[in-house]
Amino acid sequence: MTSSKPKILVTRRLPETIEARMATLFETDVNEADVALTADDIVEGLAGKDVLVSSITDRIDADLVTRLPESVRLIAQFGNGVDNIDVEAALAAGLTVTNTPSVLTEDTADMAMVLMLALPRRLVEGTQMLVRDGVWAGWSPTSMLGHRLRGKALGIVGMGRIGTAVAQRAKAFGLNIHYFSRNRRPPAIETPLEATYWDDLDAMLAAVDIVSLHTPHTRETFHILSAERLAAMKPGSFVVNVSRPELIDEAALVSQIENGHLSGAALDVFENKHGIDPRLLALAEDNKVVLTAHMASATLEARIEMGETVIVNIRTFMDGHQPPHRLLPEGPRGAGRSQSA
């Protein structure tokens, strides 16, 4: 007998509890090797299947969309970001695309705050000094002096769910909140945060001590921190990025830190197509940059909630209803807008 369960391809390994639920609800084919699949692998693996459960390591461009088997009707992204998917091409081909928004908000905001503390308080450097040297002379009034956060001006680029959550945390640390966003937030959000809205990003960048990026990667936000803007930032300021590497001209960022114009950067995302830039690694070794391995949403709780959201999207769609997190195109480069937002 032919199974009536939806047939799905899962391109990366997911938490065991999620894989077990998927195996119960669907005819599930999981990429056991847990390495990024090629376009040919995806096309071959989708033969006779209804749903592609993709992740950010899968490049689903217009060419791949045209090659997908006719049986495929849904791309259920395991993740909030969808700049790896050409949403416009997918919808033009009659495919529905979903993602997993909201569930990453708190964990990502936590990581942004950790990174915001790590650089000025020299947290990584302090650990490395003990572990690498193996000898500590003891406390001194002038040893490992960093800078306090309280009273500093934080400039948030993108005041959506995550940006707002970061602002709430930063406010508790005594930072002054400034933000640039496509739309000004209502008084119910601005007032408790005592947040200052800027409609001119360049003006805000010149006024704040810390810049934290929380905007999706679109055609408009590609290199939103361009070489020109990085050069015009307030001297001694630093950058936090837990969003997308494409938001920053990385080579220009490195140059501005090397020449002393910027104090440093704390990055959870960075260009890694051909390996991490040696200059960036050198700055990390010199404790002017803190690098973490794309860990902002890497909690077991978040991954399980993401998986549960994927399951809800698949089941709702296969039952003939509009999934709660369906995406609509918002512009080139595959960026999308969730109808649940």
# chains A, B, ... in the order shown; residues from 1 in each chain; ligands from 1
>>> closest_atom_pairs(of="region 139-243 of chain A", to="region 258-264 of chain A", cutoff="9 Å", atoms="only C-alpha atoms", output="tab-separated table")
residue	atom	partner	partner_atom	distance
A:Leu230	CA	A:Leu262	CA	8.3
A:Ala231	CA	A:His261	CA	7.5
A:Met233	CA	A:Leu262	CA	7.9
A:Lys234	CA	A:Leu262	CA	7.8
A:Pro235	CA	A:His261	CA	5.2
A:Gly236	CA	A:Leu262	CA	4.7
A:Ser237	CA	A:Leu262	CA	5.3
A:Phe238	CA	A:Gly264	CA	5.0
A:Val239	CA	A:Gly264	CA	6.8
>>> write_last_selection(atoms="all heavy atoms", output="PDB file, in the first residue's frame")
ATOM      1  N   LEU A 230      31.156  52.998   7.779  1.00  0.00           N
ATOM      2  CA  LEU A 230      32.083  52.562   8.823  1.00  0.00           C
ATOM      3  C   LEU A 230      33.120  53.646   9.112  1.00  0.00           C
ATOM      4  O   LEU A 230      33.465  53.894  10.271  1.00  0.00           O
ATOM      5  CB  LEU A 230      32.781  51.269   8.400  1.00  0.00           C
ATOM      6  CG  LEU A 230      31.899  50.017   8.402  1.00  0.00           C
ATOM      7  CD1 LEU A 230      32.551  48.901   7.592  1.00  0.00           C
ATOM      8  CD2 LEU A 230      31.613  49.545   9.823  1.00  0.00           C
ATOM      9  N   ALA A 231      33.592  54.296   8.066  1.00  0.00           N
ATOM     10  CA  ALA A 231      34.577  55.374   8.240  1.00  0.00           C
ATOM     11  C   ALA A 231      33.980  56.582   8.947  1.00  0.00           C
ATOM     12  O   ALA A 231      34.695  57.341   9.609  1.00  0.00           O
ATOM     13  CB  ALA A 231      35.143  55.781   6.883  1.00  0.00           C
ATOM     14  N   MET A 233      31.596  56.425  11.275  1.00  0.00           N
ATOM     15  CA  MET A 233      31.106  56.109  12.615  1.00  0.00           C
ATOM     16  C   MET A 233      31.894  56.861  13.673  1.00  0.00           C
ATOM     17  O   MET A 233      33.010  57.335  13.436  1.00  0.00           O
ATOM     18  CB  MET A 233      31.198  54.599  12.870  1.00  0.00           C
ATOM     19  CG  MET A 233      30.093  53.783  12.203  1.00  0.00           C
ATOM     20  SD  MET A 233      30.275  51.991  12.445  1.00  0.00           S
ATOM     21  CE  MET A 233      30.165  51.886  14.243  1.00  0.00           C
ATOM     22  N   LYS A 234      31.307  56.971  14.833  1.00  0.00           N
ATOM     23  CA  LYS A 234      31.957  57.662  15.945  1.00  0.00           C
ATOM     24  C   LYS A 234      33.290  56.987  16.280  1.00  0.00           C
ATOM     25  O   LYS A 234      33.344  55.764  16.442  1.00  0.00           O
ATOM     26  CB  LYS A 234      31.039  57.625  17.169  1.00  0.00           C
ATOM     27  CG  LYS A 234      31.553  58.382  18.372  1.00  0.00           C
ATOM     28  CD  LYS A 234      30.518  58.309  19.499  1.00  0.00           C
ATOM     29  CE  LYS A 234      30.997  59.060  20.735  1.00  0.00           C
ATOM     30  NZ  LYS A 234      30.001  58.988  21.834  1.00  0.00           N
ATOM     31  N   PRO A 235      34.378  57.738  16.349  1.00  0.00           N
ATOM     32  CA  PRO A 235      35.672  57.132  16.678  1.00  0.00           C
ATOM     33  C   PRO A 235      35.607  56.380  18.004  1.00  0.00           C
ATOM     34  O   PRO A 235      35.021  56.848  18.975  1.00  0.00           O
ATOM     35  CB  PRO A 235      36.607  58.352  16.774  1.00  0.00           C
ATOM     36  CG  PRO A 235      35.964  59.385  15.901  1.00  0.00           C
ATOM     37  CD  PRO A 235      34.486  59.185  16.078  1.00  0.00           C
ATOM     38  N   GLY A 236      36.187  55.178  18.019  1.00  0.00           N
ATOM     39  CA  GLY A 236      36.218  54.388  19.241  1.00  0.00           C
ATOM     40  C   GLY A 236      34.991  53.520  19.458  1.00  0.00           C
ATOM     41  O   GLY A 236      34.933  52.759  20.428  1.00  0.00           O
ATOM     42  N   SER A 237      34.014  53.608  18.567  1.00  0.00           N
ATOM     43  CA  SER A 237      32.806  52.795  18.722  1.00  0.00           C
ATOM     44  C   SER A 237      33.060  51.378  18.230  1.00  0.00           C
ATOM     45  O   SER A 237      34.107  51.084  17.649  1.00  0.00           O
ATOM     46  CB  SER A 237      31.648  53.428  17.956  1.00  0.00           C
ATOM     47  OG  SER A 237      31.950  53.545  16.584  1.00  0.00           O
ATOM     48  N   PHE A 238      32.105  50.488  18.488  1.00  0.00           N
ATOM     49  CA  PHE A 238      32.259  49.135  17.975  1.00  0.00           C
ATOM     50  C   PHE A 238      30.932  48.560  17.507  1.00  0.00           C
ATOM     51  O   PHE A 238      29.869  49.097  17.776  1.00  0.00           O
ATOM     52  CB  PHE A 238      32.981  48.223  18.969  1.00  0.00           C
ATOM     53  CG  PHE A 238      32.209  47.837  20.191  1.00  0.00           C
ATOM     54  CD1 PHE A 238      31.450  46.678  20.219  1.00  0.00           C
ATOM     55  CD2 PHE A 238      32.278  48.606  21.353  1.00  0.00           C
ATOM     56  CE1 PHE A 238      30.759  46.290  21.347  1.00  0.00           C
ATOM     57  CE2 PHE A 238      31.593  48.229  22.496  1.00  0.00           C
ATOM     58  CZ  PHE A 238      30.818  47.059  22.497  1.00  0.00           C
ATOM     59  N   VAL A 239      31.047  47.445  16.767  1.00  0.00           N
ATOM     60  CA  VAL A 239      29.918  46.857  16.052  1.00  0.00           C
ATOM     61  C   VAL A 239      29.600  45.477  16.611  1.00  0.00           C
ATOM     62  O   VAL A 239      30.511  44.694  16.898  1.00  0.00           O
ATOM     63  CB  VAL A 239      30.241  46.732  14.542  1.00  0.00           C
ATOM     64  CG1 VAL A 239      29.129  45.991  13.801  1.00  0.00           C
ATOM     65  CG2 VAL A 239      30.477  48.106  13.929  1.00  0.00           C
TER      66      VAL A 239
END
>>> residues_around(residues="Leu225 (chain A)", least_positions_apart="3", cutoff="7 Å", atoms="only C-alpha atoms", output="number ranges by chain")
A: 229-230, 247-249
>>> closest_atom_pairs(of="region 214-300 of chain A", to="region 14-19 of chain A", cutoff="12 Å", atoms="only C-alpha atoms", output="Markdown table")
| residue | atom | partner | partner_atom | distance |
| --- | --- | --- | --- | --- |
| A:Ala298 | CA | A:Pro15 | CA | 11.5 |
| A:Thr299 | CA | A:Pro15 | CA | 10.7 |
| A:Leu300 | CA | A:Pro15 | CA | 7.7 |
>>> write_last_selection(atoms="C-alpha atoms", output="PDB file, in the first residue's frame")
ATOM      1  CA  ALA A 298      21.873  27.730  19.302  1.00  0.00           C
ATOM      2  CA  THR A 299      19.884  26.578  22.299  1.00  0.00           C
ATOM      3  CA  LEU A 300      18.158  23.218  22.491  1.00  0.00           C
TER       4      LEU A 300
END
>>> closest_residue(among="A:Thr100, A:Arg12, A:Asp202, A:Gly163", to="Ala112 (chain A)", atoms="only C-alpha atoms")
A:Gly163
>>> select_by_dssp(residues="region 157-270 of chain A", states="alpha helix (DSSP H)", output="VMD selection string")
chain A and resid 161 to 172 187 to 193 201 to 205 227 to 232 250 to 258
>>> write_last_selection(atoms="N, CA and C atoms", output="mmCIF file, in the first residue's frame")
data_model
loop_
_atom_site.group_PDB
_atom_site.id
_atom_site.type_symbol
_atom_site.label_atom_id
_atom_site.label_comp_id
_atom_site.auth_asym_id
_atom_site.auth_seq_id
_atom_site.Cartn_x
_atom_site.Cartn_y
_atom_site.Cartn_z
ATOM 1 N N ARG A 161 11.294 42.416 16.157
ATOM 2 C CA ARG A 161 11.162 41.622 17.373
ATOM 3 C C ARG A 161 12.487 41.504 18.110
ATOM 4 N N ILE A 162 13.548 41.120 17.383
ATOM 5 C CA ILE A 162 14.836 40.901 18.034
ATOM 6 C C ILE A 162 15.445 42.223 18.474
ATOM 7 N N GLY A 163 15.394 43.230 17.602
ATOM 8 C CA GLY A 163 15.934 44.536 17.970
ATOM 9 C C GLY A 163 15.281 45.095 19.215
ATOM 10 N N THR A 164 13.972 44.926 19.335
ATOM 11 C CA THR A 164 13.247 45.412 20.515
ATOM 12 C C THR A 164 13.658 44.624 21.752
ATOM 13 N N ALA A 165 13.823 43.297 21.612
ATOM 14 C CA ALA A 165 14.244 42.476 22.744
ATOM 15 C C ALA A 165 15.649 42.868 23.208
ATOM 16 N N VAL A 166 16.529 43.198 22.262
ATOM 17 C CA VAL A 166 17.876 43.662 22.613
ATOM 18 C C VAL A 166 17.788 44.993 23.358
ATOM 19 N N ALA A 167 16.939 45.891 22.865
ATOM 20 C CA ALA A 167 16.777 47.199 23.511
ATOM 21 C C ALA A 167 16.308 47.046 24.948
ATOM 22 N N GLN A 168 15.398 46.126 25.197
ATOM 23 C CA GLN A 168 14.898 45.901 26.550
ATOM 24 C C GLN A 168 16.014 45.438 27.472
ATOM 25 N N ARG A 169 16.842 44.548 26.998
ATOM 26 C CA ARG A 169 17.966 44.075 27.806
ATOM 27 C C ARG A 169 18.988 45.182 28.017
ATOM 28 N N ALA A 170 19.301 45.901 26.946
ATOM 29 C CA ALA A 170 20.304 46.969 27.029
ATOM 30 C C ALA A 170 19.854 48.078 27.970
ATOM 31 N N LYS A 171 18.564 48.369 27.962
ATOM 32 C CA LYS A 171 18.021 49.387 28.865
ATOM 33 C C LYS A 171 18.288 49.008 30.317
ATOM 34 N N ALA A 172 18.139 47.719 30.633
ATOM 35 C CA ALA A 172 18.382 47.250 31.998
ATOM 36 C C ALA A 172 19.846 47.400 32.392
ATOM 37 N N PRO A 187 4.526 54.570 20.475
ATOM 38 C CA PRO A 187 4.899 55.039 21.814
ATOM 39 C C PRO A 187 4.902 53.938 22.868
ATOM 40 N N ALA A 188 4.043 52.932 22.718
ATOM 41 C CA ALA A 188 3.984 51.832 23.694
ATOM 42 C C ALA A 188 5.311 51.078 23.762
ATOM 43 N N ILE A 189 6.084 51.102 22.686
ATOM 44 C CA ILE A 189 7.406 50.469 22.674
ATOM 45 C C ILE A 189 8.486 51.495 22.997
ATOM 46 N N GLU A 190 8.411 52.663 22.365
ATOM 47 C CA GLU A 190 9.448 53.684 22.543
ATOM 48 C C GLU A 190 9.539 54.208 23.974
ATOM 49 N N THR A 191 8.391 54.516 24.557
ATOM 50 C CA THR A 191 8.379 55.217 25.842
ATOM 51 C C THR A 191 9.044 54.437 26.966
ATOM 52 N N PRO A 192 8.701 53.168 27.213
ATOM 53 C CA PRO A 192 9.371 52.448 28.302
ATOM 54 C C PRO A 192 10.883 52.331 28.101
ATOM 55 N N LEU A 193 11.306 52.304 26.835
ATOM 56 C CA LEU A 193 12.729 52.180 26.531
ATOM 57 C C LEU A 193 13.440 53.525 26.500
ATOM 58 N N LEU A 201 20.193 57.128 9.120
ATOM 59 C CA LEU A 201 21.142 56.164 9.666
ATOM 60 C C LEU A 201 22.523 56.762 9.835
ATOM 61 N N ASP A 202 22.968 57.540 8.870
ATOM 62 C CA ASP A 202 24.310 58.120 8.951
ATOM 63 C C ASP A 202 24.457 59.015 10.176
ATOM 64 N N ALA A 203 23.417 59.783 10.472
ATOM 65 C CA ALA A 203 23.460 60.658 11.640
ATOM 66 C C ALA A 203 23.529 59.840 12.926
ATOM 67 N N MET A 204 22.777 58.741 12.977
ATOM 68 C CA MET A 204 22.805 57.915 14.184
ATOM 69 C C MET A 204 24.173 57.263 14.368
ATOM 70 N N LEU A 205 24.749 56.757 13.284
ATOM 71 C CA LEU A 205 26.039 56.075 13.386
ATOM 72 C C LEU A 205 27.127 56.992 13.920
ATOM 73 N N ALA A 227 31.672 50.778 3.522
ATOM 74 C CA ALA A 227 32.978 51.350 3.843
ATOM 75 C C ALA A 227 32.837 52.813 4.250
ATOM 76 N N GLU A 228 31.986 53.532 3.551
ATOM 77 C CA GLU A 228 31.794 54.959 3.849
ATOM 78 C C GLU A 228 31.163 55.156 5.225
ATOM 79 N N ARG A 229 30.172 54.344 5.523
ATOM 80 C CA ARG A 229 29.503 54.486 6.817
ATOM 81 C C ARG A 229 30.398 54.050 7.973
ATOM 82 N N LEU A 230 31.156 52.998 7.779
ATOM 83 C CA LEU A 230 32.083 52.562 8.823
ATOM 84 C C LEU A 230 33.120 53.646 9.112
ATOM 85 N N ALA A 231 33.592 54.296 8.066
ATOM 86 C CA ALA A 231 34.577 55.374 8.240
ATOM 87 C C ALA A 231 33.980 56.582 8.947
ATOM 88 N N ALA A 232 32.661 56.762 8.807
ATOM 89 C CA ALA A 232 32.000 57.933 9.399
ATOM 90 C C ALA A 232 31.440 57.661 10.790
ATOM 91 N N GLU A 250 32.837 43.602 5.235
ATOM 92 C CA GLU A 250 33.754 43.031 6.220
ATOM 93 C C GLU A 250 35.191 43.523 6.046
ATOM 94 N N ALA A 251 35.646 43.617 4.804
ATOM 95 C CA ALA A 251 37.012 44.086 4.560
ATOM 96 C C ALA A 251 37.193 45.504 5.093
ATOM 97 N N ALA A 252 36.172 46.338 4.883
ATOM 98 C CA ALA A 252 36.245 47.716 5.384
ATOM 99 C C ALA A 252 36.192 47.741 6.908
ATOM 100 N N LEU A 253 35.402 46.865 7.507
ATOM 101 C CA LEU A 253 35.342 46.789 8.973
ATOM 102 C C LEU A 253 36.715 46.433 9.536
ATOM 103 N N VAL A 254 37.342 45.429 8.944
ATOM 104 C CA VAL A 254 38.670 45.019 9.391
ATOM 105 C C VAL A 254 39.647 46.191 9.301
ATOM 106 N N SER A 255 39.609 46.914 8.187
ATOM 107 C CA SER A 255 40.523 48.048 7.998
ATOM 108 C C SER A 255 40.307 49.130 9.049
ATOM 109 N N GLN A 256 39.044 49.416 9.369
ATOM 110 C CA GLN A 256 38.746 50.467 10.338
ATOM 111 C C GLN A 256 39.154 50.084 11.757
ATOM 112 N N ILE A 257 39.164 48.773 12.041
ATOM 113 C CA ILE A 257 39.656 48.324 13.352
ATOM 114 C C ILE A 257 41.181 48.340 13.358
ATOM 115 N N GLU A 258 41.768 47.885 12.259
ATOM 116 C CA GLU A 258 43.234 47.869 12.169
ATOM 117 C C GLU A 258 43.824 49.263 12.297
#
>>> decode(residues="region 205-262 of chain A", atoms="C-alpha atoms", output="mmCIF file, in the first residue's frame")
data_model
loop_
_atom_site.group_PDB
_atom_site.id
_atom_site.type_symbol
_atom_site.label_atom_id
_atom_site.label_comp_id
_atom_site.auth_asym_id
_atom_site.auth_seq_id
_atom_site.Cartn_x
_atom_site.Cartn_y
_atom_site.Cartn_z
ATOM 1 C CA LEU A 205 26.039 56.075 13.386
ATOM 2 C CA ALA A 206 28.028 59.226 14.072
ATOM 3 C CA ALA A 207 26.377 59.659 17.490
ATOM 4 C CA VAL A 208 26.390 56.226 19.140
ATOM 5 C CA ASP A 209 29.079 54.163 20.894
ATOM 6 C CA ILE A 210 27.817 50.708 19.913
ATOM 7 C CA VAL A 211 26.011 49.640 16.739
ATOM 8 C CA SER A 212 23.984 46.414 16.854
ATOM 9 C CA LEU A 213 22.520 44.989 13.637
ATOM 10 C CA HIS A 214 19.092 43.327 13.632
ATOM 11 C CA THR A 215 17.778 43.630 10.097
ATOM 12 C CA PRO A 216 17.302 40.945 7.433
ATOM 13 C CA HIS A 217 19.532 40.682 4.391
ATOM 14 C CA THR A 218 17.773 42.282 1.443
ATOM 15 C CA ARG A 219 18.909 44.245 -1.594
ATOM 16 C CA GLU A 220 18.438 47.437 0.432
ATOM 17 C CA THR A 221 20.359 46.215 3.507
ATOM 18 C CA PHE A 222 23.299 44.590 1.690
ATOM 19 C CA HIS A 223 26.405 46.301 3.155
ATOM 20 C CA ILE A 224 24.195 48.681 5.124
ATOM 21 C CA LEU A 225 27.409 49.271 7.056
ATOM 22 C CA SER A 226 29.368 50.213 3.956
ATOM 23 C CA ALA A 227 32.978 51.350 3.843
ATOM 24 C CA GLU A 228 31.794 54.959 3.849
ATOM 25 C CA ARG A 229 29.503 54.486 6.817
ATOM 26 C CA LEU A 230 32.083 52.562 8.823
ATOM 27 C CA ALA A 231 34.577 55.374 8.240
ATOM 28 C CA ALA A 232 32.000 57.933 9.399
ATOM 29 C CA MET A 233 31.106 56.109 12.615
ATOM 30 C CA LYS A 234 31.957 57.662 15.945
ATOM 31 C CA PRO A 235 35.672 57.132 16.678
ATOM 32 C CA GLY A 236 36.218 54.388 19.241
ATOM 33 C CA SER A 237 32.806 52.795 18.722
ATOM 34 C CA PHE A 238 32.259 49.135 17.975
ATOM 35 C CA VAL A 239 29.918 46.857 16.052
ATOM 36 C CA VAL A 240 27.819 43.855 17.133
ATOM 37 C CA ASN A 241 26.341 41.556 14.479
ATOM 38 C CA VAL A 242 24.174 38.509 15.268
ATOM 39 C CA SER A 243 22.092 38.912 12.113
ATOM 40 C CA ARG A 244 23.639 38.411 8.644
ATOM 41 C CA PRO A 245 27.262 38.748 7.452
ATOM 42 C CA GLU A 246 26.117 40.515 4.271
ATOM 43 C CA LEU A 247 25.060 43.556 6.296
ATOM 44 C CA ILE A 248 28.693 44.645 6.734
ATOM 45 C CA ASP A 249 31.488 45.376 4.303
ATOM 46 C CA GLU A 250 33.754 43.031 6.220
ATOM 47 C CA ALA A 251 37.012 44.086 4.560
ATOM 48 C CA ALA A 252 36.245 47.716 5.384
ATOM 49 C CA LEU A 253 35.342 46.789 8.973
ATOM 50 C CA VAL A 254 38.670 45.019 9.391
ATOM 51 C CA SER A 255 40.523 48.048 7.998
ATOM 52 C CA GLN A 256 38.746 50.467 10.338
ATOM 53 C CA ILE A 257 39.656 48.324 13.352
ATOM 54 C CA GLU A 258 43.234 47.869 12.169
ATOM 55 C CA ASN A 259 43.726 51.621 11.748
ATOM 56 C CA GLY A 260 42.234 52.324 15.182
ATOM 57 C CA HIS A 261 39.164 54.250 14.056
ATOM 58 C CA LEU A 262 36.863 51.595 15.552
#
